[in-house]
Every structure is written in structure tokens, then in C-alpha cells.
Amino acid sequence: MSTVSKPQQTPDWRAFPDARGHFGPYGGQFVSETLMEPLEELREAYQRYLKDPEFLAELDRDLAQYVGRPSPLYLAERLTRELGGARVYLKREDLNHTGAHKVNNTIGQALLAKRMGKTRIIAETGAGQHGVATATVAARLGLECVVYMGADDIQRQSPNVYRMRLLGARVVPVSSGSRTLKDALNEAMRDWVTNVDNTFYIIGTVAGPHPYPAMVRDFQSVIGREARAQYLEATGELPDALVACVGGGSNAIGLFHPFLNDADVAMYGVEAAGDGIETGRHSAPLCAGKPGVLHGNRTYLMEDVDGQITETHSVSAGLDYPGVGPEHAWLKDVGRVQYVSVTDDEALSAFHRLTRTEGIIPALETSHAIAQVIKLAPQVRADGGIIVNLSGRGDKDINTVARMEGIEL
Amino acid sequence: MSRIAARFESLRSQGRKALIPYVTAGDPEPANTVPLMHELVEAGADILELGVPFSDPMADGPVIQQACERALKHHVSLRGVLGMVREFRRDNTTTPVVLMGYLNPVEIMGYETFAREAAEAGVDGLLTVDLPPEEGGDLVQTLSANGIDPIFLLAPTSHEARIKAICGAASGFVYYVSLKGVTGAASLDVDAVAEKLSLIRQHTDLPVGVGFGISDASTAACVARVADAVVVGSALVKLLAANTQDLPAGRAAVASLLGEMRQAMDASQQA
């Protein structure tokens, strides 16, 4: 199945961004002057080290021995049978150390920080997954680590807060604005601008000013590179479709990017519709927002008529963000990827379905992608295949799920 | 000649330096702002910098973040801010007004619409802190076509090539951010500022303002010895925050601190 019409001459979708970090009209560097030189230093270092055999060897070694890569590509046979359509393959990022895809990126950026002589790491986190993945690599490399987290998220995600503290990170509550992820990002930016000489800011998603969207994508693309080779080896062909959830969009771009020039592979990015797009209580800027500028880049945003950023809602804290990576904004506009949305209820139902059919408890973020697969698989040819990014495991979410179902743990 | 250029020329001929207070429009409520603008002028302000409230003020410290939050409780929009400038202009046609804020509200309004309506309202300059000149080409052109000066920031981290490029894009004046940090941060290092200013002046004849970290009269006077303009924000906004229940008292406290700065600056120029 392919829902993407083939252009006359296939463009090289993988050749972006341009030298200044633009994906069409999106991306760029919208930051205060103080950060322009530090961003240039970062861009220069990242582009140099991504071609440096020694750096790459160290990265590969860490990904293999510390993270546990390659992650398996698992054929979900029972789910496939139940859905009665294409074979469903799960790219098992949940089996990575720390339980999600986030660590692919924090390992890469931390190695870069070390090469650049930075002694202090900062990060923002929403659900705490990126915070844990950052605190983990900082502990391993012996770097000071400060994680900014919205005061409300600290309340909601206390196990991850404790995990970060165990790992030696200082978790700083952010009480400004909506007291969630976007405010944590603001505060991390303020820290960076103040301590820019010794501090490396590890952004957890494919957003922020250039080079972050490209750099985080490059570190996460290991997911798609492995999946493409694994699928080819297993079936001798390419999959019909890829599915991944999109908050900022790092696991999705990591899976999609190596396939972008495979014109017959359809791609679905799944946003959080929360209570339903029509209620306005959602986190789906690509499906229901409009372009604007926030956190260093131009992209689709949830905003009001005055250009103020609005509050978002999703059962999944990791998708609860009013922006999205600029490459996704561009891939939406050019039609290479289709962006759809899934409600809290649909995600919750998919959470149970995967757990019961495959014995795999997915993260609530990931459950959005599973919900889309449940809709999609029956429409795809029966001898075809779909790869879904199983971006994280759901242990962190069992309290949330129990609470939603009125169960006291 | 623009109001900003005229103001700097008149100050130069008097041997004085510009004092530029910043307040967030609509803080703590919309009715406070126009009276405050007039009182700032009476207390010795040469140019007014009016903050456009934004939900995510990344470059600001807690004082101005909270000012934005107070204003946004009253839904103060960019159009609302232009209304305040229009009202101010009924009684004051000479004091330049510079809007300071973030790009997104301007982006949503549309560059053309904003520039036209801002010019009509009597706005003289626009400083968008998250818009470096690399990304600002279209906006700079639109502003200039409507007689509004695009004001750009320079920072301690700006290397000479950037200084040169930014000075080339700027008009009105350039704004040197005195320290690595957010607004309202601790005190600045006057010697380091002086050194950077001399580098900046090699690349522009525009007046150079200095802001961030100026919170009292003596620092203002020190900075005025090396800069063409002194920008003070958080120190004033703090006084508004302490008097949200008594708006006239808040305005009086702001005017009194600004008056001290004015006196100290003028005295140090004569010395």
C-alpha cells in the first residue's frame, strides 16, 4: 500500500536542512544573540564529529554495549492475526537501557559534550524519560547534571524524579507559565544562556534551534537504519508503511528518515488528540495548529489568535508539548508523511490490546502509534508489512493507567 | 529624521546620555501603562521601551516573566499594546517608543499588518529578542519601509564578524546585552562592557545602548560614561510587582528610581 503519490522526479528528502537549518520555511535559529555563537560552535563540532571515525566508533561501541543495540525487529504474530491485515513489526526501542529511544540521543550528545570540553550538562524533561536518559549518561561520564522539569510534571511523575536524583542529577522544579514541558524548556534555555561557557544543553527532541533538530535526528536515525536492514533481511522487500507517535517527534523522525527516499513506503506520524481535536484539549499542532516561532525554530504550534502559546493536553506526558520538530512541519506540508491523531481513549485501549496480545506493555506515548496500527493494518495488503516504533516501555505509566481506571495501587 | 535619531542627536548636542526604561505593557493591568509611560518621561526617560507580553519569554528572568504573566491575565495582545502607544501619542509626540518582545505575536499578526499599524500608532522601533538578523531579512525590510527602526542585540559572545553584520542590519541604535544571562541578572562588569563597546564602535556610528544587569543609579552612571544609552528594566518592574494593589504608588516608586538614575547619569557626565 502506498498513499503517497509518486512525484515525477523523486526529490532527495534526506538532503535537508540547508546550511542554516531550514526545512523549507521551518526550522532556523530563533534565539537571542548570546546563543548564536555557542550554536555555531555546536554545529561545527557536531558536523566534524559525525565524520570522525574515532567518535563514531566510540558511539557505536556505547550503543552496542551500554544501550544494547541493535534493538530487535519483532513480528507481532498474534496482533497481526487479530487485526487481519498486514504483518505488524515492532521496532523494540523499549528494550534499550532506560526503556526508551531517548538514550540513543543522550549518548550521542554527551559524547559530543565531552569532546567539546563541557563539564556540565543540562536538560529539560516532561514525563521524565529524557531526564532519566540524560542523568544516566551524565552519571556514566562523570558530568554534573541539572534537569529542568515543570512543577506539575514533578508531581505527576515522581518515580522518574527519584530515578534522576538517584543518578546524581539535580532536578529543578519550574513554576512559571503552565508549569509543564514547554516551561522547563524555557528555563533550560535561560540556564544555558547564563552558563554557556561550561554547559552543554542536551535537548531531548528534534526541536530547538539549528543544529538540534538535525543533530537529534541523526543520533536517532539508528532506529530506521537498523529497522530498514532488519526488515529487508527478514522479508527481502521494504515495508508498506511506518508508524510512530509524534510529540516533539524524535522517535518518529529516527524511524522515518532512512526511509524518506523509499517512495513506496507510506509514513504515519501520530499526534495526541487528547479529549478529541474538536474539544481543543489536545496536543496536535500538526493536525490542528498553525505555523509560528517558539523555542528557537519556526514550526507548527498550538497558539491563540494573539500568538500566545496555549496549554496542551494528553494522557501521555511525553506528547504534551505545543510544538513539533520543524522537519515534521515540512514533511507534512510537502505531503511525504501523513499526520493523524489518536485520542486518549483510543491510546488507552491500544495500551491494553498490545499488553494482552503480545505481552509487551507499551508507554502511553507509544500506545498512540499502536492505536493507529490497529486502524491501519486491515487496510494494508495481507502479505504486506508495517513497522511501528515501539518507542518506550510502559512501566512508568502503570500508575496513570490505574488512576484513569479508578484502581488504587 | 526619525524620532529615535532626533532624540540621540539632541542628547549629543547637550552632552547627555539616553535613559531608556523598560516596562511590560499591561503590567499589572492595562489601565496602568499609559499613565506610567507619561510619568517615566517626566522622571527623565528619553526613549521608552515597552514590552509586549509573551507566554514564553525565554530570554527573561523571573521578574519580567511574572510581569508577562500579570499582563496576560488581562489578555494584553500586540494589538492592545499598539492601542496603548496610540493613546500615549495623543499627549506626547516626541518621545520615541520601542517595542520589545518575541517574534511569534508579530509573526501571527503578519509583518505587513504589524508594521503598518505600528507606524500609524506611533511606534518608532522594534526589538525582537529571538530574531537574529540571519532570520530577520523580511521583517527588517518591512519595518524599514514603514519607518520603524529594527533594533538588534549584540552580546558578550558576539564575535567581530557578527558585530559587523548586525551593525549593518540595525538602525536607530544597537543594544548591547552586558552579560551572559537573562534580564534582571546580577550586576555587570563595566570594564568588560567598555572594552566590547570600543570594538562595536569600530563597526558602527549608531548609538550603542547597554542593558541587562543595571539596577541602581551608580551602575547607571558608570555605564553612561561608556555607552550612549542606559536601559533599565527588571529593577523598575520589581517595583511595580511590589505595588500591584496600589498602582499610583507603584508608578511613583518607578519614577523615583528612574529620577535617581537620571540625576546620577547627568551628574557623572558633567563631572
# chains A, B, ... in the order shown; residues from 1 in each chain; ligands from 1
>>> select_by_dssp(residues="stretch 27-266 of chain B", states="alpha helix (DSSP H)", output="VMD selection string")
chain B and resid 33 to 42 62 to 73 78 to 91 103 to 109 111 to 121 137 to 145 160 to 169 190 to 201 217 to 226 234 to 241 247 to 266
>>> write_last_selection(atoms="C-alpha atoms", output="short mmCIF file (atom, residue, chain, number, x, y, z; two decimals), in the first residue's frame")
data_model
loop_
_atom_site.label_atom_id
_atom_site.label_comp_id
_atom_site.auth_asym_id
_atom_site.auth_seq_id
_atom_site.Cartn_x
_atom_site.Cartn_y
_atom_site.Cartn_z
CA THR B 33 0.52 51.57 31.30
CA VAL B 34 -0.22 54.89 29.57
CA PRO B 35 -0.10 56.93 32.82
CA LEU B 36 3.15 55.12 33.66
CA MET B 37 4.65 56.00 30.26
CA HIS B 38 3.95 59.69 30.87
CA GLU B 39 5.39 59.53 34.38
CA LEU B 40 8.53 57.84 33.05
CA VAL B 41 9.02 60.71 30.62
CA GLU B 42 8.55 63.26 33.41
CA PRO B 62 11.73 35.76 36.74
CA VAL B 63 10.87 39.47 37.24
CA ILE B 64 9.84 40.08 33.64
CA GLN B 65 8.38 36.59 33.26
CA GLN B 66 5.98 37.40 36.07
CA ALA B 67 5.20 40.80 34.54
CA CYS B 68 4.22 38.97 31.34
CA GLU B 69 2.03 36.62 33.31
CA ARG B 70 0.29 39.53 35.09
CA ALA B 71 -0.36 41.25 31.77
CA LEU B 72 -1.54 38.05 30.06
CA LYS B 73 -4.12 37.51 32.80
CA LEU B 78 0.14 43.01 20.49
CA ARG B 79 -2.83 44.96 19.09
CA GLY B 80 -3.67 46.02 22.63
CA VAL B 81 -0.11 47.31 23.07
CA LEU B 82 -0.39 49.32 19.85
CA GLY B 83 -3.59 50.83 21.29
CA MET B 84 -1.61 51.97 24.35
CA VAL B 85 1.03 53.61 22.16
CA ARG B 86 -1.71 55.36 20.18
CA GLU B 87 -3.19 56.69 23.42
CA PHE B 88 0.24 57.82 24.67
CA ARG B 89 0.82 59.69 21.40
CA ARG B 90 -2.24 61.90 21.99
CA ASP B 91 -0.22 63.76 24.63
CA LEU B 103 8.70 37.18 17.31
CA ASN B 104 5.61 35.00 17.47
CA PRO B 105 2.96 37.67 18.17
CA VAL B 106 4.40 39.72 15.27
CA GLU B 107 4.51 36.64 13.06
CA ILE B 108 0.84 35.83 13.78
CA MET B 109 -0.27 39.41 13.12
CA TYR B 111 4.76 41.55 9.19
CA GLU B 112 2.97 43.96 6.82
CA THR B 113 -0.07 44.46 9.01
CA PHE B 114 2.06 44.89 12.10
CA ALA B 115 4.45 47.39 10.51
CA ARG B 116 1.63 49.48 9.07
CA GLU B 117 -0.45 49.54 12.26
CA ALA B 118 2.60 50.09 14.48
CA ALA B 119 3.73 53.03 12.37
CA GLU B 120 0.24 54.51 12.50
CA ALA B 121 0.13 54.08 16.26
CA GLY B 137 15.60 39.88 6.48
CA ASP B 138 11.90 40.09 5.58
CA LEU B 139 10.87 41.78 8.80
CA VAL B 140 13.73 44.30 8.65
CA GLN B 141 12.70 45.27 5.13
CA THR B 142 9.04 45.64 6.05
CA LEU B 143 9.83 47.67 9.17
CA SER B 144 12.19 49.98 7.32
CA ALA B 145 9.64 50.54 4.55
CA GLU B 160 33.72 40.63 15.38
CA ALA B 161 32.23 39.23 12.15
CA ARG B 162 28.79 39.08 13.75
CA ILE B 163 29.15 42.54 15.23
CA LYS B 164 29.87 43.85 11.77
CA ALA B 165 26.91 42.06 10.18
CA ILE B 166 24.49 43.06 12.91
CA CYS B 167 25.52 46.70 12.86
CA GLY B 168 24.91 46.59 9.12
CA ALA B 169 21.33 45.40 9.61
CA VAL B 190 31.73 47.87 33.46
CA ASP B 191 35.32 47.37 32.27
CA ALA B 192 34.37 44.38 30.15
CA VAL B 193 31.46 46.36 28.73
CA ALA B 194 33.71 49.30 27.87
CA GLU B 195 36.12 47.02 26.04
CA LYS B 196 33.37 45.45 23.94
CA LEU B 197 31.81 48.83 23.18
CA SER B 198 35.01 50.12 21.68
CA LEU B 199 35.04 47.10 19.36
CA ILE B 200 31.39 47.72 18.44
CA ARG B 201 32.08 51.38 17.68
CA ALA B 217 21.79 54.84 39.98
CA SER B 218 25.51 54.35 40.44
CA THR B 219 25.69 51.49 37.91
CA ALA B 220 23.60 53.56 35.50
CA ALA B 221 26.07 56.44 35.87
CA CYS B 222 29.08 54.15 35.30
CA VAL B 223 27.54 52.66 32.18
CA ALA B 224 26.54 56.11 30.90
CA ARG B 225 30.23 57.06 30.86
CA VAL B 226 30.93 54.45 28.19
CA SER B 234 13.81 44.50 35.86
CA ALA B 235 14.70 46.95 38.62
CA LEU B 236 11.66 49.04 37.65
CA VAL B 237 9.34 46.11 37.03
CA LYS B 238 10.16 44.80 40.52
CA LEU B 239 8.72 48.00 41.98
CA LEU B 240 5.51 47.55 40.00
CA ALA B 241 5.30 43.97 41.26
CA LEU B 247 -0.99 51.40 41.15
CA PRO B 248 -0.16 55.11 41.76
CA ALA B 249 2.31 54.07 44.46
CA GLY B 250 3.92 51.60 42.05
CA ARG B 251 4.26 54.25 39.37
CA ALA B 252 5.67 56.74 41.89
CA ALA B 253 8.28 54.24 43.07
CA VAL B 254 9.33 53.56 39.48
CA ALA B 255 9.52 57.28 38.69
CA SER B 256 11.59 57.90 41.82
CA LEU B 257 14.21 55.23 40.95
CA LEU B 258 14.34 56.43 37.35
CA GLY B 259 14.78 60.03 38.60
CA GLU B 260 17.77 58.96 40.73
CA MET B 261 19.32 57.29 37.70
CA ARG B 262 18.74 60.39 35.59
CA GLN B 263 20.42 62.61 38.17
CA ALA B 264 23.37 60.29 38.66
CA MET B 265 23.90 59.97 34.91
CA ASP B 266 23.73 63.71 34.27
#
>>> interface_residues(of="chain A", to="chain B", cutoff="8 Å", atoms="only C-alpha atoms", output="PDB file with N, CA and C atoms, in the first residue's frame")
ATOM      1  N   GLY A  28      15.440  26.781  11.440  1.00  0.00           N
ATOM      2  CA  GLY A  28      16.175  28.026  11.614  1.00  0.00           C
ATOM      3  C   GLY A  28      16.731  28.204  13.017  1.00  0.00           C
ATOM      4  N   GLN A  29      17.128  29.441  13.302  1.00  0.00           N
ATOM      5  CA  GLN A  29      17.741  29.751  14.601  1.00  0.00           C
ATOM      6  C   GLN A  29      17.107  31.007  15.180  1.00  0.00           C
ATOM      7  N   PHE A  30      16.028  30.850  15.916  1.00  0.00           N
ATOM      8  CA  PHE A  30      15.340  31.995  16.506  1.00  0.00           C
ATOM      9  C   PHE A  30      15.667  32.062  17.992  1.00  0.00           C
ATOM     10  N   VAL A  31      16.846  32.585  18.270  1.00  0.00           N
ATOM     11  CA  VAL A  31      17.306  32.683  19.660  1.00  0.00           C
ATOM     12  C   VAL A  31      17.923  34.062  19.871  1.00  0.00           C
ATOM     13  N   SER A  32      18.137  34.390  21.142  1.00  0.00           N
ATOM     14  CA  SER A  32      18.759  35.676  21.417  1.00  0.00           C
ATOM     15  C   SER A  32      20.224  35.630  20.993  1.00  0.00           C
ATOM     16  N   GLU A  33      20.769  36.802  20.746  1.00  0.00           N
ATOM     17  CA  GLU A  33      22.105  36.924  20.178  1.00  0.00           C
ATOM     18  C   GLU A  33      23.162  36.150  20.974  1.00  0.00           C
ATOM     19  N   THR A  34      23.035  36.132  22.293  1.00  0.00           N
ATOM     20  CA  THR A  34      24.039  35.478  23.129  1.00  0.00           C
ATOM     21  C   THR A  34      24.259  34.013  22.726  1.00  0.00           C
ATOM     22  N   LEU A  35      23.207  33.355  22.225  1.00  0.00           N
ATOM     23  CA  LEU A  35      23.325  31.927  21.910  1.00  0.00           C
ATOM     24  C   LEU A  35      23.788  31.651  20.489  1.00  0.00           C
ATOM     25  N   MET A  36      23.907  32.685  19.661  1.00  0.00           N
ATOM     26  CA  MET A  36      24.239  32.428  18.260  1.00  0.00           C
ATOM     27  C   MET A  36      25.636  31.826  18.091  1.00  0.00           C
ATOM     28  N   GLU A  37      26.615  32.375  18.781  1.00  0.00           N
ATOM     29  CA  GLU A  37      27.972  31.808  18.661  1.00  0.00           C
ATOM     30  C   GLU A  37      28.061  30.407  19.265  1.00  0.00           C
ATOM     31  N   PRO A  38      27.487  30.209  20.475  1.00  0.00           N
ATOM     32  CA  PRO A  38      27.501  28.838  21.017  1.00  0.00           C
ATOM     33  C   PRO A  38      26.826  27.832  20.088  1.00  0.00           C
ATOM     34  N   SER A 176       7.004  28.533  36.469  1.00  0.00           N
ATOM     35  CA  SER A 176       6.486  29.622  35.632  1.00  0.00           C
ATOM     36  C   SER A 176       5.532  29.057  34.587  1.00  0.00           C
ATOM     37  N   GLY A 177       4.748  29.937  33.994  1.00  0.00           N
ATOM     38  CA  GLY A 177       3.860  29.574  32.885  1.00  0.00           C
ATOM     39  C   GLY A 177       2.897  28.461  33.238  1.00  0.00           C
ATOM     40  N   ASP A 183       7.658  25.046  29.638  1.00  0.00           N
ATOM     41  CA  ASP A 183       8.257  25.976  30.599  1.00  0.00           C
ATOM     42  C   ASP A 183       9.612  25.461  31.070  1.00  0.00           C
ATOM     43  N   ASN A 186      11.967  26.520  28.420  1.00  0.00           N
ATOM     44  CA  ASN A 186      12.319  27.936  28.588  1.00  0.00           C
ATOM     45  C   ASN A 186      13.404  28.091  29.643  1.00  0.00           C
ATOM     46  N   GLU A 187      13.222  27.382  30.764  1.00  0.00           N
ATOM     47  CA  GLU A 187      14.138  27.547  31.886  1.00  0.00           C
ATOM     48  C   GLU A 187      15.515  26.965  31.552  1.00  0.00           C
ATOM     49  N   MET A 189      16.810  26.909  28.596  1.00  0.00           N
ATOM     50  CA  MET A 189      17.416  27.910  27.709  1.00  0.00           C
ATOM     51  C   MET A 189      18.015  29.056  28.526  1.00  0.00           C
ATOM     52  N   ARG A 190      17.296  29.454  29.578  1.00  0.00           N
ATOM     53  CA  ARG A 190      17.788  30.560  30.429  1.00  0.00           C
ATOM     54  C   ARG A 190      19.063  30.137  31.151  1.00  0.00           C
ATOM     55  N   ASP A 191      19.098  28.895  31.611  1.00  0.00           N
ATOM     56  CA  ASP A 191      20.312  28.375  32.251  1.00  0.00           C
ATOM     57  C   ASP A 191      21.455  28.387  31.233  1.00  0.00           C
ATOM     58  N   VAL A 193      21.959  30.147  28.526  1.00  0.00           N
ATOM     59  CA  VAL A 193      22.440  31.466  28.146  1.00  0.00           C
ATOM     60  C   VAL A 193      23.305  32.064  29.266  1.00  0.00           C
ATOM     61  N   THR A 194      23.051  31.620  30.495  1.00  0.00           N
ATOM     62  CA  THR A 194      23.785  32.141  31.648  1.00  0.00           C
ATOM     63  C   THR A 194      25.113  31.406  31.850  1.00  0.00           C
ATOM     64  N   ASN A 195      25.112  30.098  31.575  1.00  0.00           N
ATOM     65  CA  ASN A 195      26.293  29.261  31.884  1.00  0.00           C
ATOM     66  C   ASN A 195      26.922  28.672  30.633  1.00  0.00           C
ATOM     67  N   VAL A 196      26.825  29.432  29.547  1.00  0.00           N
ATOM     68  CA  VAL A 196      27.125  28.869  28.236  1.00  0.00           C
ATOM     69  C   VAL A 196      28.592  28.425  28.089  1.00  0.00           C
ATOM     70  N   GLY A 292       4.308  29.035  13.510  1.00  0.00           N
ATOM     71  CA  GLY A 292       4.747  30.156  14.332  1.00  0.00           C
ATOM     72  C   GLY A 292       6.181  29.908  14.772  1.00  0.00           C
ATOM     73  N   VAL A 293       6.649  30.715  15.720  1.00  0.00           N
ATOM     74  CA  VAL A 293       8.038  30.602  16.173  1.00  0.00           C
ATOM     75  C   VAL A 293       8.072  30.408  17.681  1.00  0.00           C
ATOM     76  N   LEU A 294       8.694  29.329  18.106  1.00  0.00           N
ATOM     77  CA  LEU A 294       8.856  29.050  19.539  1.00  0.00           C
ATOM     78  C   LEU A 294      10.099  28.183  19.728  1.00  0.00           C
ATOM     79  N   HIS A 295      10.765  28.404  20.854  1.00  0.00           N
ATOM     80  CA  HIS A 295      11.906  27.566  21.233  1.00  0.00           C
ATOM     81  C   HIS A 295      12.942  27.431  20.119  1.00  0.00           C
ATOM     82  N   GLY A 296      13.196  28.548  19.461  1.00  0.00           N
ATOM     83  CA  GLY A 296      14.330  28.570  18.551  1.00  0.00           C
ATOM     84  C   GLY A 296      14.055  28.160  17.126  1.00  0.00           C
ATOM     85  N   VAL A 305      -5.095  33.406  18.886  1.00  0.00           N
ATOM     86  CA  VAL A 305      -5.097  34.394  17.798  1.00  0.00           C
ATOM     87  C   VAL A 305      -4.067  35.505  18.019  1.00  0.00           C
ATOM     88  N   ASP A 306      -3.607  35.665  19.276  1.00  0.00           N
ATOM     89  CA  ASP A 306      -2.610  36.700  19.568  1.00  0.00           C
ATOM     90  C   ASP A 306      -1.176  36.171  19.473  1.00  0.00           C
ATOM     91  N   GLY A 307      -1.029  34.882  19.167  1.00  0.00           N
ATOM     92  CA  GLY A 307       0.320  34.316  19.099  1.00  0.00           C
ATOM     93  C   GLY A 307       0.859  33.869  20.442  1.00  0.00           C
ATOM     94  N   GLN A 308      -0.023  33.787  21.454  1.00  0.00           N
ATOM     95  CA  GLN A 308       0.411  33.219  22.743  1.00  0.00           C
ATOM     96  C   GLN A 308       0.280  31.697  22.651  1.00  0.00           C
ATOM     97  N   ILE A 309       1.259  31.021  23.257  1.00  0.00           N
ATOM     98  CA  ILE A 309       1.255  29.558  23.200  1.00  0.00           C
ATOM     99  C   ILE A 309       0.186  29.042  24.168  1.00  0.00           C
TER     100      ILE A 309
END
>>> atom_distance(atom1="atom CA of A:Asp304", atom2="atom CA of A:Ile154")
26.6 Å
>>> residues_around(residues="A:Leu166", least_positions_apart="4", cutoff="10 Å", atoms="only C-alpha atoms", output="NGL selection string")
:A and (132 or 135-136 or 139 or 160-162 or 170)
>>> residues_around(residues="A:Thr119", least_positions_apart="4", cutoff="8 Å", atoms="only C-alpha atoms", output="PyMOL selection string")
chain A and resi 113-114+143-144+198-200
>>> closest_residue(among="A:Gly117, A:Pro239, A:Gly168, A:Gly392", to="A:Arg140", atoms="only C-alpha atoms")
A:Gly168
>>> residues_around(residues="A:Val324", least_positions_apart="3", cutoff="10 Å", atoms="only C-alpha atoms", output="list of chain:residue names")
A:Thr205, A:Val206, A:Ala207, A:Gly208, A:Val246, A:Gly247, A:Gly248, A:Gly249, A:Ser250, A:Glu271, A:Ser283, A:Ala284, A:Pro285, A:Leu286, A:Leu294, A:Asn297, A:Arg298, A:Thr299, A:Tyr300, A:Leu301, A:Met302, A:Leu319, A:Tyr321, A:Glu327, A:His328, A:Ala329
>>> write_last_selection(atoms="N, CA, C and O atoms", output="JSON list (two decimals), in the first residue's frame")
[["chain", "number", "residue", "atom", "x", "y", "z"],
["A", 205, "THR", "N", 14.49, 16.38, 21.98],
["A", 205, "THR", "CA", 13.69, 16.07, 20.81],
["A", 205, "THR", "C", 14.21, 16.84, 19.60],
["A", 205, "THR", "O", 15.17, 17.61, 19.72],
["A", 206, "VAL", "N", 13.56, 16.61, 18.45],
["A", 206, "VAL", "CA", 14.06, 17.21, 17.21],
["A", 206, "VAL", "C", 13.52, 18.62, 17.03],
["A", 206, "VAL", "O", 13.14, 19.02, 15.94],
["A", 207, "ALA", "N", 13.48, 19.38, 18.13],
["A", 207, "ALA", "CA", 13.06, 20.78, 18.08],
["A", 207, "ALA", "C", 14.23, 21.65, 18.55],
["A", 207, "ALA", "O", 15.35, 21.17, 18.65],
["A", 208, "GLY", "N", 13.94, 22.93, 18.82],
["A", 208, "GLY", "CA", 15.01, 23.83, 19.23],
["A", 208, "GLY", "C", 15.67, 24.45, 18.01],
["A", 208, "GLY", "O", 15.32, 24.15, 16.86],
["A", 246, "VAL", "N", 4.17, 11.10, 17.62],
["A", 246, "VAL", "CA", 4.87, 12.37, 17.48],
["A", 246, "VAL", "C", 4.47, 13.32, 18.60],
["A", 246, "VAL", "O", 3.31, 13.73, 18.71],
["A", 247, "GLY", "N", 5.45, 13.64, 19.46],
["A", 247, "GLY", "CA", 5.28, 14.73, 20.41],
["A", 247, "GLY", "C", 6.13, 15.84, 19.83],
["A", 247, "GLY", "O", 5.69, 16.64, 19.02],
["A", 248, "GLY", "N", 7.41, 15.87, 20.22],
["A", 248, "GLY", "CA", 8.39, 16.70, 19.50],
["A", 248, "GLY", "C", 8.75, 15.99, 18.20],
["A", 248, "GLY", "O", 9.03, 16.61, 17.19],
["A", 249, "GLY", "N", 8.78, 14.65, 18.25],
["A", 249, "GLY", "CA", 8.93, 13.87, 17.03],
["A", 249, "GLY", "C", 10.26, 13.16, 16.85],
["A", 249, "GLY", "O", 10.60, 12.80, 15.73],
["A", 250, "SER", "N", 11.01, 12.91, 17.95],
["A", 250, "SER", "CA", 12.34, 12.33, 17.74],
["A", 250, "SER", "C", 12.30, 10.84, 17.40],
["A", 250, "SER", "O", 13.07, 10.37, 16.58],
["A", 271, "GLU", "N", -0.19, 12.06, 16.32],
["A", 271, "GLU", "CA", -0.22, 13.06, 17.39],
["A", 271, "GLU", "C", -1.28, 12.69, 18.42],
["A", 271, "GLU", "O", -2.16, 11.87, 18.17],
["A", 283, "SER", "N", -2.94, 17.79, 21.99],
["A", 283, "SER", "CA", -1.54, 18.19, 21.75],
["A", 283, "SER", "C", -1.18, 17.85, 20.31],
["A", 283, "SER", "O", -0.25, 17.10, 20.07],
["A", 284, "ALA", "N", -1.94, 18.39, 19.38],
["A", 284, "ALA", "CA", -1.76, 18.00, 17.98],
["A", 284, "ALA", "C", -1.52, 19.22, 17.09],
["A", 284, "ALA", "O", -2.37, 19.58, 16.27],
["A", 285, "PRO", "N", -0.35, 19.85, 17.22],
["A", 285, "PRO", "CA", -0.10, 21.06, 16.42],
["A", 285, "PRO", "C", -0.11, 20.81, 14.91],
["A", 285, "PRO", "O", -0.53, 21.68, 14.16],
["A", 286, "LEU", "N", 0.35, 19.63, 14.47],
["A", 286, "LEU", "CA", 0.37, 19.39, 13.02],
["A", 286, "LEU", "C", -1.04, 19.20, 12.47],
["A", 286, "LEU", "O", -1.35, 19.65, 11.37],
["A", 294, "LEU", "N", 8.69, 29.33, 18.11],
["A", 294, "LEU", "CA", 8.86, 29.05, 19.54],
["A", 294, "LEU", "C", 10.10, 28.18, 19.73],
["A", 294, "LEU", "O", 10.40, 27.34, 18.89],
["A", 297, "ASN", "N", 12.81, 27.73, 16.81],
["A", 297, "ASN", "CA", 12.56, 27.34, 15.43],
["A", 297, "ASN", "C", 11.15, 27.71, 15.00],
["A", 297, "ASN", "O", 10.26, 27.92, 15.82],
["A", 298, "ARG", "N", 10.98, 27.79, 13.67],
["A", 298, "ARG", "CA", 9.64, 28.00, 13.11],
["A", 298, "ARG", "C", 9.04, 26.64, 12.82],
["A", 298, "ARG", "O", 9.68, 25.79, 12.20],
["A", 299, "THR", "N", 7.81, 26.44, 13.30],
["A", 299, "THR", "CA", 7.16, 25.15, 13.13],
["A", 299, "THR", "C", 5.67, 25.30, 13.40],
["A", 299, "THR", "O", 5.20, 26.40, 13.68],
["A", 300, "TYR", "N", 4.93, 24.21, 13.34],
["A", 300, "TYR", "CA", 3.52, 24.25, 13.73],
["A", 300, "TYR", "C", 3.42, 24.32, 15.25],
["A", 300, "TYR", "O", 4.15, 23.63, 15.96],
["A", 301, "LEU", "N", 2.50, 25.17, 15.72],
["A", 301, "LEU", "CA", 2.34, 25.38, 17.16],
["A", 301, "LEU", "C", 0.87, 25.38, 17.54],
["A", 301, "LEU", "O", 0.00, 25.65, 16.72],
["A", 302, "MET", "N", 0.64, 25.13, 18.82],
["A", 302, "MET", "CA", -0.67, 25.36, 19.41],
["A", 302, "MET", "C", -0.63, 26.78, 19.96],
["A", 302, "MET", "O", 0.13, 27.06, 20.89],
["A", 319, "LEU", "N", 3.89, 13.44, 25.14],
["A", 319, "LEU", "CA", 3.35, 14.06, 23.92],
["A", 319, "LEU", "C", 2.75, 15.42, 24.23],
["A", 319, "LEU", "O", 2.25, 16.10, 23.34],
["A", 321, "TYR", "N", 3.12, 18.63, 24.43],
["A", 321, "TYR", "CA", 4.01, 19.73, 24.04],
["A", 321, "TYR", "C", 3.34, 20.51, 22.91],
["A", 321, "TYR", "O", 2.80, 19.91, 21.98],
["A", 327, "GLU", "N", 11.24, 19.55, 11.00],
["A", 327, "GLU", "CA", 11.29, 18.65, 9.84],
["A", 327, "GLU", "C", 9.92, 18.00, 9.63],
["A", 327, "GLU", "O", 9.49, 17.77, 8.50],
["A", 328, "HIS", "N", 9.22, 17.72, 10.73],
["A", 328, "HIS", "CA", 7.87, 17.17, 10.60],
["A", 328, "HIS", "C", 6.93, 18.19, 9.96],
["A", 328, "HIS", "O", 6.08, 17.84, 9.15],
["A", 329, "ALA", "N", 7.08, 19.46, 10.36],
["A", 329, "ALA", "CA", 6.23, 20.51, 9.79],
["A", 329, "ALA", "C", 6.39, 20.53, 8.27],
["A", 329, "ALA", "O", 5.41, 20.63, 7.52]]
>>> select_by_dssp(residues="stretch 123-224 of chain A", states="strand (DSSP E)", output="list in words")
Ala123, Glu124, Thr125, Glu144, Cys145, Val146, Val147, Tyr148, Met149, Gly150, Arg170, Val171, Val172, Pro173, Val174, Thr199, Phe200 and Tyr201 of chain A
>>> closest_residue(among="A:Thr106, A:Gln230, A:Asn251, A:Gln47", to="A:Asp94", atoms="only C-alpha atoms")
A:Asn251
>>> atom_distance(atom1="atom CA of B:Leu126", atom2="atom CA of B:Asp27")
19.3 Å
